[in-house]
Structure formats: structure tokens, C-alpha cells
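A.B. asks: Provided herewith: upload-v6.txt, compact mmCIF, C-alpha atoms.
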# COMPACT_ATOMS: atom_id res chain seq x y z
CA MET A 1 14.53 111.29 -74.55
CA VAL A 2 12.66 114.17 -72.88
CA LEU A 3 11.89 112.19 -69.72
CA PRO A 4 15.52 111.04 -69.07
CA THR A 5 16.58 114.69 -69.51
CA ILE A 6 14.19 115.67 -66.71
CA VAL A 7 15.71 112.95 -64.49
CA VAL A 8 19.29 114.12 -65.20
CA LEU A 9 18.38 117.74 -64.48
CA SER A 10 16.65 116.76 -61.22
CA ILE A 11 19.80 114.96 -60.04
CA GLY A 12 21.74 118.11 -60.97
CA VAL A 13 19.39 120.23 -58.86
CA LEU A 14 20.00 117.95 -55.85
CA ILE A 15 23.81 118.15 -56.31
CA SER A 16 23.68 121.95 -56.55
CA LEU A 17 21.42 122.11 -53.47
CA ASN A 18 24.02 120.14 -51.49
CA ARG A 19 26.68 122.62 -52.59
CA PHE A 20 24.35 125.54 -51.77
CA PHE A 21 24.04 124.53 -48.11
CA LYS A 22 27.77 123.79 -47.71
CA SER A 23 29.05 127.08 -49.18
CA LYS A 24 30.58 129.68 -46.89
CA ASN A 25 30.24 133.14 -48.46
CA ILE A 26 27.33 134.93 -50.12
CA TRP A 27 28.72 134.90 -53.69
CA ASP A 28 29.11 131.13 -53.68
CA ARG A 29 25.49 130.88 -52.63
CA LEU A 30 24.41 133.24 -55.39
CA LEU A 31 26.32 131.12 -57.92
CA ASN A 32 24.61 127.92 -56.80
CA PHE A 33 21.23 129.65 -56.63
CA ASN A 34 21.71 130.76 -60.22
CA LEU A 35 22.51 127.17 -61.22
CA ILE A 36 19.44 125.80 -59.41
CA SER A 37 17.09 128.34 -61.00
CA THR A 38 18.49 127.67 -64.47
CA LYS A 39 17.99 123.93 -64.09
CA LEU A 40 14.46 124.42 -62.74
CA LEU A 41 13.68 126.53 -65.82
CA LEU A 42 14.85 123.65 -68.04
CA ILE A 43 12.75 121.15 -66.04
CA PHE A 44 9.64 123.33 -66.45
CA THR A 45 10.17 123.72 -70.18
CA ALA A 46 10.90 120.03 -70.82
CA HIS A 47 7.87 119.04 -68.72
CA ALA A 48 5.65 121.39 -70.74
CA ILE A 49 6.83 119.78 -73.97
CA HIS A 50 6.37 116.30 -72.50
CA LEU A 51 2.76 117.04 -71.54
CA GLY A 52 1.99 119.21 -74.56
CA ASN A 53 0.77 121.96 -72.23
CA GLN A 54 1.09 125.58 -73.38
CA GLU A 55 0.44 127.29 -70.05
CA LEU A 56 3.50 125.77 -68.35
CA LEU A 57 5.67 127.76 -70.78
CA ASP A 58 4.16 130.98 -69.39
CA THR A 59 5.08 129.74 -65.92
CA SER A 60 8.68 129.13 -66.98
CA LEU A 61 8.93 132.59 -68.58
CA THR A 62 7.74 134.19 -65.34
CA PHE A 63 10.21 132.04 -63.40
CA VAL A 64 13.14 133.27 -65.49
CA ILE A 65 12.23 136.92 -64.90
CA VAL A 66 11.84 136.45 -61.13
CA SER A 67 15.11 134.52 -60.72
CA PHE A 68 17.00 137.16 -62.77
CA LEU A 69 15.59 139.91 -60.56
CA VAL A 70 16.54 138.04 -57.36
CA VAL A 71 20.18 137.58 -58.39
CA VAL A 72 20.56 141.17 -59.67
CA LEU A 73 18.94 142.80 -56.63
CA ILE A 74 20.92 140.75 -54.08
CA SER A 75 24.17 141.50 -55.95
CA LYS A 76 23.43 145.24 -55.99
CA PHE A 77 22.52 145.07 -52.31
CA VAL A 78 25.87 143.43 -51.48
CA ILE A 79 27.81 145.93 -53.65
CA SER A 80 26.35 148.84 -51.71
CA GLY A 81 27.64 147.34 -48.47
CA GLY A 82 24.37 145.99 -47.13
CA ARG A 83 22.74 149.40 -47.03
CA THR A 84 19.72 150.19 -49.13
CA LYS A 85 20.46 153.91 -49.55
CA MET B 1 13.67 115.16 -86.71
CA ASN B 2 13.25 113.34 -83.39
CA ILE B 3 16.65 111.65 -83.78
CA LEU B 4 18.43 115.02 -84.15
CA SER B 5 16.61 116.32 -81.08
CA ASP B 6 17.64 113.22 -79.09
CA ILE B 7 21.29 113.67 -80.04
CA LEU B 8 21.25 117.31 -78.90
CA LEU B 9 19.61 116.33 -75.60
CA VAL B 10 22.27 113.66 -74.92
CA ILE B 11 25.04 116.22 -75.62
CA SER B 12 23.42 118.56 -73.11
CA TRP B 13 23.65 115.90 -70.35
CA PHE B 14 27.44 115.91 -70.70
CA ILE B 15 27.58 119.72 -70.54
CA VAL B 16 25.51 119.74 -67.33
CA GLY B 17 27.60 116.92 -65.80
CA PHE B 18 30.99 118.46 -66.57
CA GLY B 19 29.79 121.87 -65.40
CA LEU B 20 28.76 120.43 -62.03
CA LEU B 21 32.07 118.53 -61.80
CA GLY B 22 33.91 121.81 -62.35
CA VAL B 23 31.87 123.54 -59.64
CA TYR B 24 33.01 120.86 -57.18
CA ARG B 25 36.66 120.63 -58.29
CA PHE B 26 37.77 124.25 -58.67
CA LYS B 27 39.09 126.00 -55.56
CA ASN B 28 38.47 129.67 -56.43
CA LEU B 29 35.19 131.52 -56.88
CA TYR B 30 36.23 133.10 -60.18
CA SER B 31 37.19 129.71 -61.60
CA ARG B 32 33.90 128.24 -60.44
CA LEU B 33 31.95 130.98 -62.21
CA LEU B 34 33.71 130.00 -65.44
CA THR B 35 32.10 126.55 -65.47
CA SER B 36 28.75 127.58 -64.01
CA SER B 37 28.25 130.12 -66.77
CA LYS B 38 28.88 127.26 -69.20
CA ILE B 39 25.73 125.53 -67.91
CA ASP B 40 23.84 128.81 -68.02
CA SER B 41 24.56 129.57 -71.66
CA ALA B 42 25.39 126.34 -73.50
CA ALA B 43 23.04 123.84 -71.86
CA VAL B 44 20.04 126.18 -71.84
CA LEU B 45 20.42 127.14 -75.49
CA LEU B 46 21.04 123.50 -76.51
CA ILE B 47 18.05 122.01 -74.63
CA ILE B 48 15.57 124.70 -75.70
CA PHE B 49 16.78 124.53 -79.30
CA SER B 50 16.33 120.74 -79.33
CA LEU B 51 12.82 121.11 -77.90
CA ILE B 52 12.01 123.65 -80.64
CA ILE B 53 13.15 121.09 -83.24
CA ARG B 54 10.96 118.45 -81.58
CA THR B 55 7.74 120.49 -81.55
CA GLY B 56 8.08 122.05 -84.97
CA PHE B 57 6.81 125.48 -85.93
CA ASN B 58 3.76 126.41 -83.90
CA TYR B 59 2.66 128.62 -81.03
CA MET B 60 4.67 126.73 -78.39
CA SER B 61 7.94 127.18 -80.25
CA LEU B 62 7.35 130.95 -80.38
CA LYS B 63 7.20 131.08 -76.58
CA MET B 64 10.37 128.99 -76.35
CA VAL B 65 12.16 131.39 -78.72
CA ILE B 66 11.19 134.24 -76.39
CA ILE B 67 12.57 132.29 -73.38
CA MET B 68 15.78 131.52 -75.30
CA ILE B 69 16.36 135.17 -76.25
CA PHE B 70 15.71 136.30 -72.66
CA VAL B 71 18.16 133.76 -71.20
CA ALA B 72 20.80 134.58 -73.81
CA PHE B 73 20.64 138.24 -72.81
CA THR B 74 20.40 137.94 -69.03
CA SER B 75 22.73 135.08 -68.06
CA PRO B 76 25.95 137.08 -68.84
CA ILE B 77 24.54 139.99 -66.84
CA THR B 78 23.96 137.88 -63.72
CA ASN B 79 27.40 136.23 -63.91
CA HIS B 80 29.06 139.62 -64.42
CA LEU B 81 27.22 141.10 -61.44
CA ILE B 82 28.25 138.24 -59.14
CA VAL B 83 31.92 138.71 -60.13
CA TYR B 84 31.67 142.51 -59.80
CA SER B 85 30.12 142.24 -56.35
CA ALA B 86 32.77 139.75 -55.18
CA PHE B 87 35.66 141.89 -56.54
CA LYS B 88 34.32 145.13 -55.08
CA ASN B 89 34.08 143.54 -51.65
CA GLY B 90 37.70 142.41 -51.73
CA LEU B 91 37.61 138.68 -52.46
CA SER B 92 41.15 137.83 -53.53
CA LEU B 93 42.02 136.67 -57.03
CA LYS B 94 44.69 134.22 -55.78
CA GLU B 95 44.22 130.49 -55.70
CA GLU B 96 42.75 129.56 -52.33
CA ASP B 97 40.36 127.11 -50.74
CA ASP B 98 37.58 129.42 -49.67
CA ALA B 99 34.66 127.00 -49.61
Now that the file is in, can you turn its structure into C-alpha cells?

C.D. replies:
Amino acid sequence: MVLPTIVVLSIGVLISLNRFFKSKNIWDRLLNFNLISTKLLLIFTAHAIHLGNQELLDTSLTFVIVSFLVVVLISKFVISGGRTK
Amino acid sequence: MNILSDILLVISWFIVGFGLLGVYRFKNLYSRLLTSSKIDSAAVLLIIFSLIIRTGFNYMSLKMVIIMIFVAFTSPITNHLIVYSAFKNGLSLKEEDDA
């Protein structure tokens, strides 16, 4: 059942990507970006278990940290009115 | 143990599907964040927990526990920051078709 889970999550990524390009304001895009990164994390982890590969789990841990930093930094940038300082 | 893991994975498909349906159906940003945070917390914890059951207790499950703890701490923070940024910039709380 790991391989059908990867297929379902990939379809979910495509649906969220459609919504990402149709959204109008920045917060809607951040929401859909957060959804896409979460589903990609799950695809990486399920693929690592399916292959029995330990190093892919390190990749998914790095991916979580980078996607968290992207969402937090863009949100703080928008809160400050688009100015860095 | 594989049967229990399969059941948890099938439950997670429904959570992902209904979360995406809610993202398409709701009209307001704050309502949409309600269902998207459902995918962030419930589906991630359910899928990683079922994969931990499948592999058993070894070095791979330790890494997945670390991923699960990290996601459980950071996904409320990201959803809160998106809402805070939208509210500070004056997005209205009323029901409206903004996307």
C-alpha cells in the first residue's frame, strides 16, 4: 500500500499546483506552497521506505527545514510591508 | 503489522482528499487555512506513524521520529504566521470570493 499512497499524493501535488497558479493574492500562494511542500515531504519519506534507502530520509529532513524557512521568511517579509529593514 | 499500516495509509488518503476539496470549496482565506492545516498535521502524522509501524524499530524509524517531531512543532507556526501576515495587511474577515 506504499506505492498507491505515492500515486495519491502525486495527484494531490498536481491539484495544489493548479490552485497555486490560479490564486490571486500572496497569502493564498503561501498556503498552497505549504501544501505542496508537505506532500512532497510525504512522497520522499514513502519512497525511502519503499526502496529501503536510509539516505533519502536525510534528504526529506533537509527539505522540511528549507520549506519551513521559506514560508516563515516570506511571511515576515510581507508583515514588514515589503521592506527588509 | 502490515495490515494495521495499510489501514492507516488508506485513512490518510481520505484526509488528503477532503482537505483538498475544502481548499477548493471554501470562499475565504481563513476558512481555507482551516482545512489546509488539517492536511499538515493529521495526514503527516498518520502517514509517518504508519511507516514507522511498517519498518519496525531500527535506525530508519529513529529518523522518521525526528521528522515527525519537527513537523508537529513547525506546522502550527507556519499556519499562524500566514494568518498573522494576512490580518496585519488588512484582509477582511467577512465572507467573500477573493480567489

A.B. asks: If we count only C-alpha atoms and set the cut-off at 10 Å, which residues sit around A:Arg19, ignoring sequence neighbours fewer than 5 positions away in its own chain? Please answer as a PDB file with C-alpha atoms, keeping the file's coordinate frame.

C.D. replies:
ATOM      1  CA  VAL A  13      19.390 120.230 -58.860  1.00  0.00           C
ATOM      2  CA  LEU A  14      20.000 117.950 -55.850  1.00  0.00           C
ATOM      3  CA  LYS A  24      30.580 129.680 -46.890  1.00  0.00           C
ATOM      4  CA  ASP A  28      29.110 131.130 -53.680  1.00  0.00           C
ATOM      5  CA  ARG A  29      25.490 130.880 -52.630  1.00  0.00           C
ATOM      6  CA  ASN A  32      24.610 127.920 -56.800  1.00  0.00           C
ATOM      7  CA  PHE A  33      21.230 129.650 -56.630  1.00  0.00           C
TER       8      PHE A  33
ATOM      9  CA  LEU B  20      28.760 120.430 -62.030  1.00  0.00           C
ATOM     10  CA  VAL B  23      31.870 123.540 -59.640  1.00  0.00           C
ATOM     11  CA  TYR B  24      33.010 120.860 -57.180  1.00  0.00           C
ATOM     12  CA  ALA B  99      34.660 127.000 -49.610  1.00  0.00           C
TER      13      ALA B  99
END

A.B. asks: What residues in chain B lie within 9 Å of chain A, counting all atoms listed in the file, written as a PyMOL selection string?

C.D. replies: chain B and resi 5-6+9-10+12-13+16-17+20+23-24+29+32-33+36-37+39-40+44+47-48+51+54-55+59-60+63-64+66-67+70-71+74-75+77-79+81-86+88-89+98-99

A.B. asks: Where's the centre, and what are the edge lengths in Å to one decimal, of a box along x, y and z enclosing all listed atoms of stretch 63-78 of chain A padded 4 Å per side, as lines of an AutoDock Vina configuration file?

C.D. replies:
center_x = 18.0
center_y = 138.6
center_z = -58.5
size_x = 23.7
size_y = 21.2
size_z = 22.0

A.B. asks: If I take atom CA of A:Val7 and atom CA of B:Met68, how far is one from the other in Å, to one decimal?

C.D. replies: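 Between these atoms lies a distance of 21.5 Å.
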
A.B. asks: Provide the atom CA of B:Leu62 to atom CA of B:His80 distance in Å, to one decimal place.

C.D. replies: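 Computing it gives 28.3 Å between the two atoms.
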
A.B. asks: Would you compute the distance between atom CA of A:Leu17 and atom CA of B:Phe18? Give it in Å to one decimal.

C.D. replies: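 Interatomic distance, atom CA of A:Leu17 to atom CA of B:Phe18: 16.6 Å.
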
A.B. asks: Using only C-alpha atoms, which protein or nucleic acid residues come within 7 Å of B:Leu8? Drop anything in the same chain fewer than 4 positions from it, and give the result as a list in words.

C.D. replies: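 Residues near the query, excluding close chain neighbours: Leu4, Ser12, Leu46 and Ser50 of chain B.
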